[in-house]
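Structure data follow from run38.csv (CSV, C-alpha atoms):
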```csv
chain,number,residue,atom,x,y,z
A,1,MET,CA,-14.9,18.4,4.1
A,2,GLU,CA,-16.9,21.4,5.5
A,3,GLU,CA,-18.6,19.1,8.0
A,4,ILE,CA,-15.3,17.6,9.1
A,5,LYS,CA,-13.7,21.0,9.4
A,6,ASN,CA,-16.6,22.1,11.7
A,7,GLU,CA,-16.0,19.1,13.9
A,8,VAL,CA,-12.3,19.8,14.0
A,9,ASP,CA,-13.0,23.4,15.1
A,10,ASP,CA,-15.3,22.1,17.9
A,11,LEU,CA,-12.6,19.7,19.1
A,12,LYS,CA,-10.1,22.6,19.3
A,13,ASN,CA,-12.4,25.3,20.7
A,14,LYS,CA,-14.7,23.3,23.0
A,15,TYR,CA,-12.4,20.5,24.2
A,16,GLY,CA,-8.9,21.8,23.7
A,17,ILE,CA,-8.0,18.8,21.5
A,18,MET,CA,-5.4,19.4,18.7
A,19,PRO,CA,-6.1,16.5,16.3
A,20,HIS,CA,-3.0,14.7,15.2
A,21,LEU,CA,-2.8,11.9,12.6
A,22,LYS,CA,0.5,10.0,12.4
A,23,LEU,CA,1.5,8.4,9.1
A,24,ILE,CA,4.2,5.8,8.9
A,25,GLN,CA,6.0,5.0,5.6
A,26,ILE,CA,8.7,2.4,5.0
A,27,GLY,CA,10.8,2.7,1.9
A,28,ASN,CA,10.5,5.0,-1.1
A,29,ASP,CA,7.5,3.7,-3.1
A,30,ALA,CA,6.5,6.6,-5.3
A,31,ALA,CA,2.7,6.1,-5.1
A,32,SER,CA,3.0,5.7,-1.3
A,33,SER,CA,4.8,9.1,-1.1
A,34,ILE,CA,2.2,10.7,-3.3
A,35,TYR,CA,-0.7,9.5,-1.1
A,36,ALA,CA,1.1,10.5,2.2
A,37,ASN,CA,1.8,14.0,0.9
A,38,ALA,CA,-1.8,14.3,-0.3
A,39,LYS,CA,-3.0,13.4,3.3
A,40,ILE,CA,-0.7,16.0,4.8
A,41,ARG,CA,-2.1,18.7,2.4
A,42,ARG,CA,-5.7,17.7,3.0
A,43,GLY,CA,-5.2,17.6,6.7
A,44,LYS,CA,-3.9,21.1,6.6
A,45,LYS,CA,-7.1,22.3,4.8
A,46,LEU,CA,-9.1,20.6,7.5
A,47,GLY,CA,-7.1,22.0,10.4
A,48,ILE,CA,-5.7,18.6,11.3
A,49,ASN,CA,-2.0,18.1,12.1
A,50,VAL,CA,-0.7,15.2,9.8
A,51,THR,CA,2.9,14.2,10.4
A,52,LEU,CA,4.9,11.5,8.5
A,53,ASP,CA,7.5,9.2,10.0
A,54,LYS,CA,9.6,7.7,7.1
A,55,TYR,CA,12.0,4.8,7.5
A,56,GLN,CA,14.3,3.2,5.0
A,57,ASN,CA,14.9,0.0,6.9
A,58,ILE,CA,13.0,-1.3,9.9
A,59,ASN,CA,12.2,-4.8,11.0
A,60,GLN,CA,8.7,-6.0,12.0
A,61,ASP,CA,9.4,-6.0,15.8
A,62,GLU,CA,10.8,-2.5,15.6
A,63,LEU,CA,7.8,-1.3,13.7
A,64,ILE,CA,5.4,-2.9,16.1
A,65,ASP,CA,7.2,-1.3,19.0
A,66,LEU,CA,6.8,2.1,17.2
A,67,ILE,CA,3.1,1.5,16.8
A,68,LYS,CA,2.7,0.5,20.5
A,69,LYS,CA,4.5,3.8,21.5
A,70,TYR,CA,2.1,5.9,19.4
A,71,SER,CA,-0.9,3.8,20.6
A,72,ILE,CA,-0.5,5.1,24.2
A,73,ASP,CA,0.5,8.6,23.2
A,74,LYS,CA,-2.5,10.8,24.1
A,75,ASN,CA,-1.3,13.5,21.7
A,76,ILE,CA,-1.6,11.2,18.7
A,77,HIS,CA,-5.3,10.4,17.8
A,78,GLY,CA,-4.9,8.3,14.6
A,79,ILE,CA,-2.2,6.0,13.1
A,80,MET,CA,-2.0,5.0,9.4
A,81,MET,CA,0.5,2.6,7.8
A,82,GLU,CA,1.3,3.6,4.3
A,83,SER,CA,1.3,0.7,1.8
A,84,PRO,CA,2.8,-1.2,0.1
A,85,LEU,CA,5.3,-2.4,2.7
A,86,PRO,CA,8.7,-4.1,1.9
A,87,GLU,CA,8.5,-7.8,1.5
A,88,ASN,CA,10.0,-8.5,5.0
A,89,LEU,CA,6.9,-6.8,6.6
A,90,ASN,CA,3.4,-8.2,6.8
A,91,TYR,CA,0.8,-5.4,6.7
A,92,TYR,CA,-2.0,-7.2,8.4
A,93,ASP,CA,0.2,-8.7,11.1
A,94,ILE,CA,1.4,-5.1,11.9
A,95,ILE,CA,-1.9,-3.1,11.9
A,96,LYS,CA,-3.5,-5.4,14.4
A,97,TYR,CA,-1.4,-3.6,17.0
A,98,ILE,CA,-3.1,-0.3,16.1
A,99,PRO,CA,-6.0,0.2,18.6
A,100,TYR,CA,-9.3,0.2,16.8
A,101,TYR,CA,-10.0,3.8,17.9
A,102,LYS,CA,-6.7,5.0,16.3
A,103,ASP,CA,-7.1,2.9,13.1
A,104,SER,CA,-8.0,5.7,10.6
A,105,ASP,CA,-7.7,3.2,7.7
A,106,GLY,CA,-10.4,1.1,9.2
A,107,LEU,CA,-8.6,-2.1,8.3
A,108,SER,CA,-7.7,-3.6,11.7
A,109,PRO,CA,-9.5,-6.9,12.7
A,110,VAL,CA,-11.7,-5.2,15.2
A,111,ASN,CA,-13.0,-2.5,12.8
A,112,LEU,CA,-13.5,-5.0,10.0
A,113,GLY,CA,-15.4,-7.3,12.4
A,114,ASN,CA,-17.6,-4.5,13.6
A,115,LEU,CA,-19.0,-4.1,10.1
A,116,TYR,CA,-20.7,-7.5,10.6
A,117,ILE,CA,-22.7,-6.2,13.5
A,118,ARG,CA,-23.6,-2.9,11.8
A,119,ASN,CA,-21.1,-0.8,13.7
A,120,GLU,CA,-19.5,1.4,11.0
A,121,GLU,CA,-18.0,4.2,13.1
A,122,ILE,CA,-14.6,3.3,11.6
A,123,ALA,CA,-14.8,1.6,8.2
A,124,PRO,CA,-12.3,1.1,5.3
A,125,ALA,CA,-12.4,4.5,3.6
A,126,THR,CA,-12.8,3.3,0.0
A,127,ALA,CA,-15.8,1.2,1.0
A,128,ARG,CA,-17.2,4.1,3.0
A,129,ALA,CA,-16.8,6.4,0.0
A,130,VAL,CA,-18.8,4.1,-2.3
A,131,VAL,CA,-21.6,4.0,0.3
A,132,ASP,CA,-21.5,7.8,0.7
A,133,ILE,CA,-21.8,8.3,-3.0
A,134,LEU,CA,-24.8,6.0,-3.3
A,135,GLU,CA,-26.5,7.6,-0.3
A,136,HIS,CA,-25.8,11.1,-1.5
A,137,TYR,CA,-27.7,10.4,-4.7
A,138,GLY,CA,-30.5,8.6,-2.9
A,139,ILE,CA,-29.7,5.1,-4.3
A,140,LYS,CA,-31.2,2.9,-1.6
A,141,ASN,CA,-31.6,-0.6,-3.0
A,142,GLY,CA,-30.8,-2.9,-6.0
A,143,ASN,CA,-28.5,-5.7,-7.1
A,144,VAL,CA,-24.9,-4.7,-6.7
A,145,CYS,CA,-22.0,-6.5,-8.4
A,146,ILE,CA,-18.6,-5.8,-6.7
A,147,VAL,CA,-15.7,-6.9,-8.8
A,148,ASN,CA,-13.2,-7.2,-5.9
A,149,ARG,CA,-12.8,-9.4,-2.9
A,150,SER,CA,-10.0,-7.6,-1.0
A,151,PRO,CA,-10.2,-6.6,2.7
A,152,VAL,CA,-9.8,-3.0,1.5
A,153,VAL,CA,-12.8,-2.8,-0.9
A,154,GLY,CA,-14.8,-5.9,-1.7
A,155,ARG,CA,-15.3,-7.6,1.6
A,156,PRO,CA,-16.1,-4.6,3.8
A,157,LEU,CA,-18.2,-3.0,1.1
A,158,SER,CA,-20.3,-6.1,0.8
A,159,MET,CA,-21.1,-5.9,4.5
A,160,MET,CA,-21.9,-2.2,4.4
A,161,LEU,CA,-24.2,-2.7,1.4
A,162,LEU,CA,-25.9,-5.7,3.1
A,163,ASN,CA,-26.4,-3.5,6.2
A,164,ARG,CA,-28.5,-1.2,3.8
A,165,ASP,CA,-30.5,-4.0,2.3
A,166,PHE,CA,-28.8,-4.2,-1.1
A,167,THR,CA,-28.5,-7.6,-2.7
A,168,VAL,CA,-24.7,-8.2,-3.3
A,169,SER,CA,-22.7,-10.4,-5.6
A,170,ILE,CA,-18.9,-10.5,-5.1
A,171,CYS,CA,-16.9,-11.4,-8.2
A,172,HIS,CA,-13.2,-11.7,-8.8
A,173,SER,CA,-10.6,-13.0,-11.2
A,174,LYS,CA,-11.8,-16.6,-10.9
A,175,THR,CA,-15.4,-15.8,-11.6
A,176,SER,CA,-16.3,-17.6,-14.9
A,177,ASN,CA,-19.5,-15.7,-15.9
A,178,LEU,CA,-18.4,-12.2,-14.9
A,179,LYS,CA,-19.9,-10.4,-17.9
A,180,GLU,CA,-23.4,-12.0,-17.3
A,181,ILE,CA,-23.4,-11.1,-13.6
A,182,VAL,CA,-22.3,-7.5,-14.2
A,183,GLU,CA,-24.8,-7.0,-17.1
A,184,SER,CA,-27.7,-8.3,-15.0
A,185,SER,CA,-26.9,-6.1,-12.0
A,186,ASP,CA,-28.2,-2.6,-11.2
A,187,ILE,CA,-25.0,-1.3,-9.9
A,188,LEU,CA,-21.4,-2.2,-10.8
A,189,VAL,CA,-18.5,-1.4,-8.4
A,190,ALA,CA,-15.4,-1.9,-10.6
A,191,ALA,CA,-12.2,-2.5,-8.7
A,192,ILE,CA,-10.5,-5.1,-10.8
A,193,GLY,CA,-7.3,-3.1,-11.3
A,194,LYS,CA,-7.1,-3.2,-15.1
A,195,LYS,CA,-7.3,-0.1,-17.2
A,196,HIS,CA,-10.6,0.2,-19.1
A,197,TYR,CA,-11.5,-3.5,-18.5
A,198,PHE,CA,-15.2,-2.7,-18.5
A,199,GLY,CA,-16.7,-1.4,-21.8
A,200,LYS,CA,-20.1,-1.0,-23.2
A,201,ASP,CA,-20.8,-4.7,-23.5
A,202,PHE,CA,-20.9,-5.0,-19.7
A,203,VAL,CA,-23.6,-2.3,-19.1
A,204,ASN,CA,-27.1,-1.1,-20.2
A,205,ASN,CA,-29.2,2.1,-20.0
A,206,ASN,CA,-30.2,1.4,-16.4
A,207,SER,CA,-26.7,0.6,-15.1
A,208,ILE,CA,-25.1,2.7,-12.3
A,209,VAL,CA,-21.3,2.4,-12.4
A,210,ILE,CA,-18.9,3.2,-9.6
A,211,ASP,CA,-15.3,3.1,-10.8
A,212,VAL,CA,-12.9,2.4,-7.9
A,213,GLY,CA,-10.0,1.6,-10.3
A,214,ILE,CA,-6.7,3.5,-10.2
A,215,ASN,CA,-4.4,2.5,-13.0
A,216,TYR,CA,-1.2,4.6,-13.7
A,217,GLU,CA,0.0,4.9,-17.2
A,218,GLY,CA,2.8,7.5,-17.5
A,219,ASN,CA,1.6,10.6,-15.8
A,220,LYS,CA,-2.1,9.8,-16.2
A,221,ILE,CA,-4.6,7.9,-14.1
A,222,TYR,CA,-7.2,5.6,-15.7
A,223,GLY,CA,-10.2,3.8,-14.2
A,224,ASP,CA,-11.3,0.2,-14.7
A,225,VAL,CA,-14.2,1.4,-16.8
A,226,ASN,CA,-13.8,3.0,-20.2
A,227,PHE,CA,-15.6,6.2,-19.3
A,228,ASP,CA,-15.8,7.6,-22.8
A,229,GLU,CA,-17.3,4.4,-24.2
A,230,VAL,CA,-19.7,3.8,-21.3
A,231,SER,CA,-20.8,7.3,-20.0
A,232,GLY,CA,-23.2,7.9,-22.9
A,233,ILE,CA,-25.0,4.6,-22.2
A,234,VAL,CA,-25.4,4.2,-18.5
A,235,LYS,CA,-27.7,5.9,-16.0
A,236,ALA,CA,-24.9,7.2,-13.9
A,237,ILE,CA,-21.1,6.8,-13.6
A,238,THR,CA,-18.2,8.2,-11.4
A,239,PRO,CA,-15.2,9.5,-13.3
A,240,VAL,CA,-11.5,8.7,-12.7
A,241,PRO,CA,-9.8,10.8,-11.5
A,242,GLY,CA,-12.2,13.0,-9.6
A,243,GLY,CA,-14.7,10.4,-8.4
A,244,VAL,CA,-14.4,7.8,-5.6
A,245,GLY,CA,-10.8,8.7,-4.9
A,246,VAL,CA,-11.7,12.2,-3.8
A,247,VAL,CA,-14.4,11.0,-1.4
A,248,THR,CA,-12.0,8.3,-0.1
A,249,ALA,CA,-9.4,10.8,0.7
A,250,THR,CA,-11.9,12.8,2.8
A,251,ASP,CA,-13.4,9.7,4.5
A,252,ILE,CA,-10.1,8.8,6.0
A,253,PHE,CA,-10.5,11.9,8.0
A,254,GLN,CA,-14.1,11.0,8.9
A,255,ASN,CA,-12.7,7.8,10.4
A,256,PHE,CA,-10.1,9.8,12.2
A,257,ILE,CA,-12.7,12.2,13.7
A,258,ASN,CA,-14.9,9.2,14.7
A,259,GLY,CA,-11.9,7.6,16.4
A,260,ILE,CA,-11.3,10.8,18.4
A,261,LYS,CA,-14.9,10.7,19.6
A,262,ILE,CA,-14.5,7.1,20.7
A,263,GLN,CA,-11.4,8.2,22.7
A,264,MET,CA,-13.2,11.1,24.2
A,265,HIS,CA,-16.2,9.1,25.4
A,266,ASN,CA,-14.2,6.1,26.7
A,267,PHE,CA,-10.8,7.3,27.8
A,268,VAL,CA,-11.0,11.0,28.8
```
Encoded form using structure tokens:
Amino acid sequence: MEEIKNEVDDLKNKYGIMPHLKLIQIGNDAASSIYANAKIRRGKKLGINVTLDKYQNINQDELIDLIKKYSIDKNIHGIMMESPLPENLNYYDIIKYIPYYKDSDGLSPVNLGNLYIRNEEIAPATARAVVDILEHYGIKNGNVCIVNRSPVVGRPLSMMLLNRDFTVSICHSKTSNLKEIVESSDILVAAIGKKHYFGKDFVNNNSIVIDVGINYEGNKIYGDVNFDEVSGIVKAITPVPGGVGVVTATDIFQNFINGIKIQMHNFV
């Protein structure tokens, strides 16, 4: 956050740019509102203006027109669609209209495709967070088992890890020998979406566990890994809350800043 804040100060003081991230939320999903408000608060800490447009009802064409309007607005430097969207709206059909340099989520087709050619300027924030954690602790190689195949986590993360010479297995709900693959891997990235799914029988003393799971139960958040059961066994583990989620929330703004730099170099 300190590094991003310094970059924001430079944008303002050296180039006269007032960074502005636009969030768009459709409906009243409680989790979506929590995440949107968290971005607004974090943006304020970083000196970034984060504003929210909220709509109860909007059709796909109207939403695309809105995105197109913000895409050509030079005073808006990033655009994020809050999810989930109502059933009448298709998330991936909509975000393809966000220019890659304003796609702070890193989920547009261009930014996902760029990962395949080692261009990670703007990458899905959760995948970037996992990589940042590994790099921060000097973990540079090994066999990684990712239990997720979504465009948000598993698929982009697999490319980013391959770019760093890790050996990657992607598992999912249809994987028949999941336990054996996880147990034989050096690193587990757990993103299966089930509270405490992974226990001590999945890990060993050399395991590194990165828990991406966010499972709500009442007012509490739980990971996919049973932290109390596993933490005394494994070599290293991230907690939930206070682990990957915190880094992800900041990496959204790293994407945003990187997008501004692209705009400055190409369009100013």
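A straight line drawn from CA of Lys235 (chain A) to CA of Asn204 (chain A) is 8.2 Å long.
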Using only C-alpha atoms, which residues of region 75-179 of chain A come within 8 Å of region 23-34 of chain A, and what is the closest atom pair for each, with the distance in Å to one decimal? Give it as JSON lines, sorted by chain and residue number.
```
{"residue": "A:Ile79", "atom": "CA", "partner": "A:Leu23", "partner_atom": "CA", "distance": 6.0}
{"residue": "A:Met80", "atom": "CA", "partner": "A:Leu23", "partner_atom": "CA", "distance": 4.9}
{"residue": "A:Met81", "atom": "CA", "partner": "A:Ile24", "partner_atom": "CA", "distance": 5.0}
{"residue": "A:Glu82", "atom": "CA", "partner": "A:Gln25", "partner_atom": "CA", "distance": 5.1}
{"residue": "A:Ser83", "atom": "CA", "partner": "A:Ser32", "partner_atom": "CA", "distance": 6.1}
{"residue": "A:Pro84", "atom": "CA", "partner": "A:Ser32", "partner_atom": "CA", "distance": 7.0}
{"residue": "A:Leu85", "atom": "CA", "partner": "A:Ile26", "partner_atom": "CA", "distance": 6.3}
{"residue": "A:Pro86", "atom": "CA", "partner": "A:Gly27", "partner_atom": "CA", "distance": 7.1}
```
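Closest approach to Met1 (chain A) among A:Asp73, A:Glu217, A:Glu121, A:Asp251 is made by A:Asp251 (distances from all atoms listed in the file).
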**Request:** Would you kindly return, as a list in words, each protein, DNA or RNA residue with an atom no farther than 8 Å from any atom of Phe256 (chain A), considering all atoms listed in the file and excluding same-chain residues fewer than 4 positions away?
**Result:** Leu21, His77, Gly78, Lys102, Asp103, Ser104, Ile122, Ile252 and Ile260 of chain A
**Request:** With a distance cut-off of 12 Å and only C-alpha atoms, select the neighbouring residues of Gly213 (chain A), excluding the residue or stretch itself and same-chain residues fewer than 3 positions from it, and output the selection as JSON, numbers by chain.
**Result:** {"A": [126, 146, 147, 148, 153, 189, 190, 191, 192, 193, 194, 195, 196, 197, 198, 209, 210, 216, 221, 222, 223, 224, 225, 226, 227, 238, 239, 240, 241, 242, 243, 244, 245]}
**Message:** For a quick check of understanding, using only C-alpha atoms, which of A:Glu229, A:Asp211, A:Asp9, A:Asp93 has the smallest distance to Val130 (chain A)?
**Reply:** A:Asp211
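When CA of Tyr100 (chain A) is paired with CA of Gly259 (chain A), their separation reads 7.9 Å.
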**Message:** Neighbouring residues of Phe166 (chain A) were defined as those with any atom within 6 Å, considering all atoms listed in the file; residues of the same chain fewer than 5 positions away were excluded. Please report them as number ranges by chain.
**Reply:** A: 141-142, 161
Region 202-213 of chain A rebuilt with all heavy atoms, output as a PDB file, keeping the file's coordinate frame:
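As a result, result.pdb now contains:
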```pdb
ATOM      1  N   PHE A 202     -20.641  -4.533 -21.065  1.00  0.00           N
ATOM      2  CA  PHE A 202     -20.900  -5.000 -19.700  1.00  0.00           C
ATOM      3  C   PHE A 202     -22.136  -4.223 -19.085  1.00  0.00           C
ATOM      4  O   PHE A 202     -22.581  -4.584 -18.004  1.00  0.00           O
ATOM      5  CB  PHE A 202     -19.713  -4.691 -18.789  1.00  0.00           C
ATOM      6  CG  PHE A 202     -18.629  -5.724 -18.885  1.00  0.00           C
ATOM      7  CD1 PHE A 202     -17.637  -5.629 -19.847  1.00  0.00           C
ATOM      8  CD2 PHE A 202     -18.580  -6.795 -18.005  1.00  0.00           C
ATOM      9  CE1 PHE A 202     -16.624  -6.565 -19.931  1.00  0.00           C
ATOM     10  CE2 PHE A 202     -17.580  -7.743 -18.080  1.00  0.00           C
ATOM     11  CZ  PHE A 202     -16.598  -7.629 -19.048  1.00  0.00           C
ATOM     12  N   VAL A 203     -22.628  -3.192 -19.738  1.00  0.00           N
ATOM     13  CA  VAL A 203     -23.600  -2.300 -19.100  1.00  0.00           C
ATOM     14  C   VAL A 203     -24.839  -2.121 -19.996  1.00  0.00           C
ATOM     15  O   VAL A 203     -24.860  -2.532 -21.162  1.00  0.00           O
ATOM     16  CB  VAL A 203     -23.002  -0.942 -18.770  1.00  0.00           C
ATOM     17  CG1 VAL A 203     -21.871  -1.097 -17.757  1.00  0.00           C
ATOM     18  CG2 VAL A 203     -22.506  -0.237 -20.026  1.00  0.00           C
ATOM     19  N   ASN A 204     -25.850  -1.438 -19.427  1.00  0.00           N
ATOM     20  CA  ASN A 204     -27.100  -1.100 -20.200  1.00  0.00           C
ATOM     21  C   ASN A 204     -27.545   0.288 -19.746  1.00  0.00           C
ATOM     22  O   ASN A 204     -26.900   0.952 -18.925  1.00  0.00           O
ATOM     23  CB  ASN A 204     -28.133  -2.165 -20.014  1.00  0.00           C
ATOM     24  CG  ASN A 204     -28.499  -2.367 -18.557  1.00  0.00           C
ATOM     25  OD1 ASN A 204     -28.906  -1.444 -17.868  1.00  0.00           O
ATOM     26  ND2 ASN A 204     -28.333  -3.607 -18.064  1.00  0.00           N
ATOM     27  N   ASN A 205     -28.691   0.698 -20.265  1.00  0.00           N
ATOM     28  CA  ASN A 205     -29.200   2.100 -20.000  1.00  0.00           C
ATOM     29  C   ASN A 205     -29.563   2.287 -18.530  1.00  0.00           C
ATOM     30  O   ASN A 205     -29.676   3.447 -18.099  1.00  0.00           O
ATOM     31  CB  ASN A 205     -30.420   2.345 -20.867  1.00  0.00           C
ATOM     32  CG  ASN A 205     -30.050   2.432 -22.337  1.00  0.00           C
ATOM     33  OD1 ASN A 205     -28.917   2.746 -22.669  1.00  0.00           O
ATOM     34  ND2 ASN A 205     -31.010   2.164 -23.208  1.00  0.00           N
ATOM     35  N   ASN A 206     -29.780   1.225 -17.779  1.00  0.00           N
ATOM     36  CA  ASN A 206     -30.200   1.400 -16.400  1.00  0.00           C
ATOM     37  C   ASN A 206     -29.004   1.152 -15.401  1.00  0.00           C
ATOM     38  O   ASN A 206     -29.185   1.198 -14.185  1.00  0.00           O
ATOM     39  CB  ASN A 206     -31.292   0.381 -16.029  1.00  0.00           C
ATOM     40  CG  ASN A 206     -32.590   0.745 -16.731  1.00  0.00           C
ATOM     41  OD1 ASN A 206     -32.981   1.913 -16.724  1.00  0.00           O
ATOM     42  ND2 ASN A 206     -33.239  -0.232 -17.349  1.00  0.00           N
ATOM     43  N   SER A 207     -27.824   0.922 -15.933  1.00  0.00           N
ATOM     44  CA  SER A 207     -26.700   0.600 -15.100  1.00  0.00           C
ATOM     45  C   SER A 207     -26.168   1.861 -14.341  1.00  0.00           C
ATOM     46  O   SER A 207     -26.119   2.957 -14.900  1.00  0.00           O
ATOM     47  CB  SER A 207     -25.512   0.066 -15.921  1.00  0.00           C
ATOM     48  OG  SER A 207     -25.863  -1.134 -16.564  1.00  0.00           O
ATOM     49  N   ILE A 208     -25.789   1.656 -13.077  1.00  0.00           N
ATOM     50  CA  ILE A 208     -25.100   2.700 -12.300  1.00  0.00           C
ATOM     51  C   ILE A 208     -23.668   2.115 -12.070  1.00  0.00           C
ATOM     52  O   ILE A 208     -23.497   0.992 -11.578  1.00  0.00           O
ATOM     53  CB  ILE A 208     -25.782   2.919 -10.947  1.00  0.00           C
ATOM     54  CG1 ILE A 208     -27.156   3.550 -11.203  1.00  0.00           C
ATOM     55  CG2 ILE A 208     -24.936   3.800 -10.035  1.00  0.00           C
ATOM     56  CD1 ILE A 208     -28.042   3.605  -9.982  1.00  0.00           C
ATOM     57  N   VAL A 209     -22.665   2.899 -12.440  1.00  0.00           N
ATOM     58  CA  VAL A 209     -21.300   2.400 -12.400  1.00  0.00           C
ATOM     59  C   VAL A 209     -20.455   3.252 -11.449  1.00  0.00           C
ATOM     60  O   VAL A 209     -20.377   4.477 -11.574  1.00  0.00           O
ATOM     61  CB  VAL A 209     -20.650   2.479 -13.825  1.00  0.00           C
ATOM     62  CG1 VAL A 209     -19.209   1.997 -13.785  1.00  0.00           C
ATOM     63  CG2 VAL A 209     -21.467   1.649 -14.815  1.00  0.00           C
ATOM     64  N   ILE A 210     -19.850   2.584 -10.485  1.00  0.00           N
ATOM     65  CA  ILE A 210     -18.900   3.200  -9.600  1.00  0.00           C
ATOM     66  C   ILE A 210     -17.539   2.657  -9.811  1.00  0.00           C
ATOM     67  O   ILE A 210     -17.289   1.482  -9.554  1.00  0.00           O
ATOM     68  CB  ILE A 210     -19.365   3.046  -8.100  1.00  0.00           C
ATOM     69  CG1 ILE A 210     -20.744   3.675  -7.901  1.00  0.00           C
ATOM     70  CG2 ILE A 210     -18.351   3.657  -7.145  1.00  0.00           C
ATOM     71  CD1 ILE A 210     -21.273   3.598  -6.502  1.00  0.00           C
ATOM     72  N   ASP A 211     -16.661   3.503 -10.338  1.00  0.00           N
ATOM     73  CA  ASP A 211     -15.300   3.100 -10.800  1.00  0.00           C
ATOM     74  C   ASP A 211     -14.324   3.354  -9.663  1.00  0.00           C
ATOM     75  O   ASP A 211     -13.984   4.497  -9.381  1.00  0.00           O
ATOM     76  CB  ASP A 211     -14.942   3.798 -12.054  1.00  0.00           C
ATOM     77  CG  ASP A 211     -13.730   3.169 -12.723  1.00  0.00           C
ATOM     78  OD1 ASP A 211     -13.045   2.349 -12.079  1.00  0.00           O
ATOM     79  OD2 ASP A 211     -13.470   3.500 -13.900  1.00  0.00           O
ATOM     80  N   VAL A 212     -13.840   2.285  -9.032  1.00  0.00           N
ATOM     81  CA  VAL A 212     -12.900   2.400  -7.900  1.00  0.00           C
ATOM     82  C   VAL A 212     -11.442   2.236  -8.459  1.00  0.00           C
ATOM     83  O   VAL A 212     -10.477   2.467  -7.743  1.00  0.00           O
ATOM     84  CB  VAL A 212     -13.187   1.350  -6.847  1.00  0.00           C
ATOM     85  CG1 VAL A 212     -12.246   1.468  -5.657  1.00  0.00           C
ATOM     86  CG2 VAL A 212     -14.633   1.505  -6.361  1.00  0.00           C
ATOM     87  N   GLY A 213     -11.293   1.874  -9.717  1.00  0.00           N
ATOM     88  CA  GLY A 213     -10.000   1.600 -10.300  1.00  0.00           C
ATOM     89  C   GLY A 213      -9.046   2.768 -10.335  1.00  0.00           C
ATOM     90  O   GLY A 213      -9.468   3.879 -10.658  1.00  0.00           O
TER      91      GLY A 213
END
```
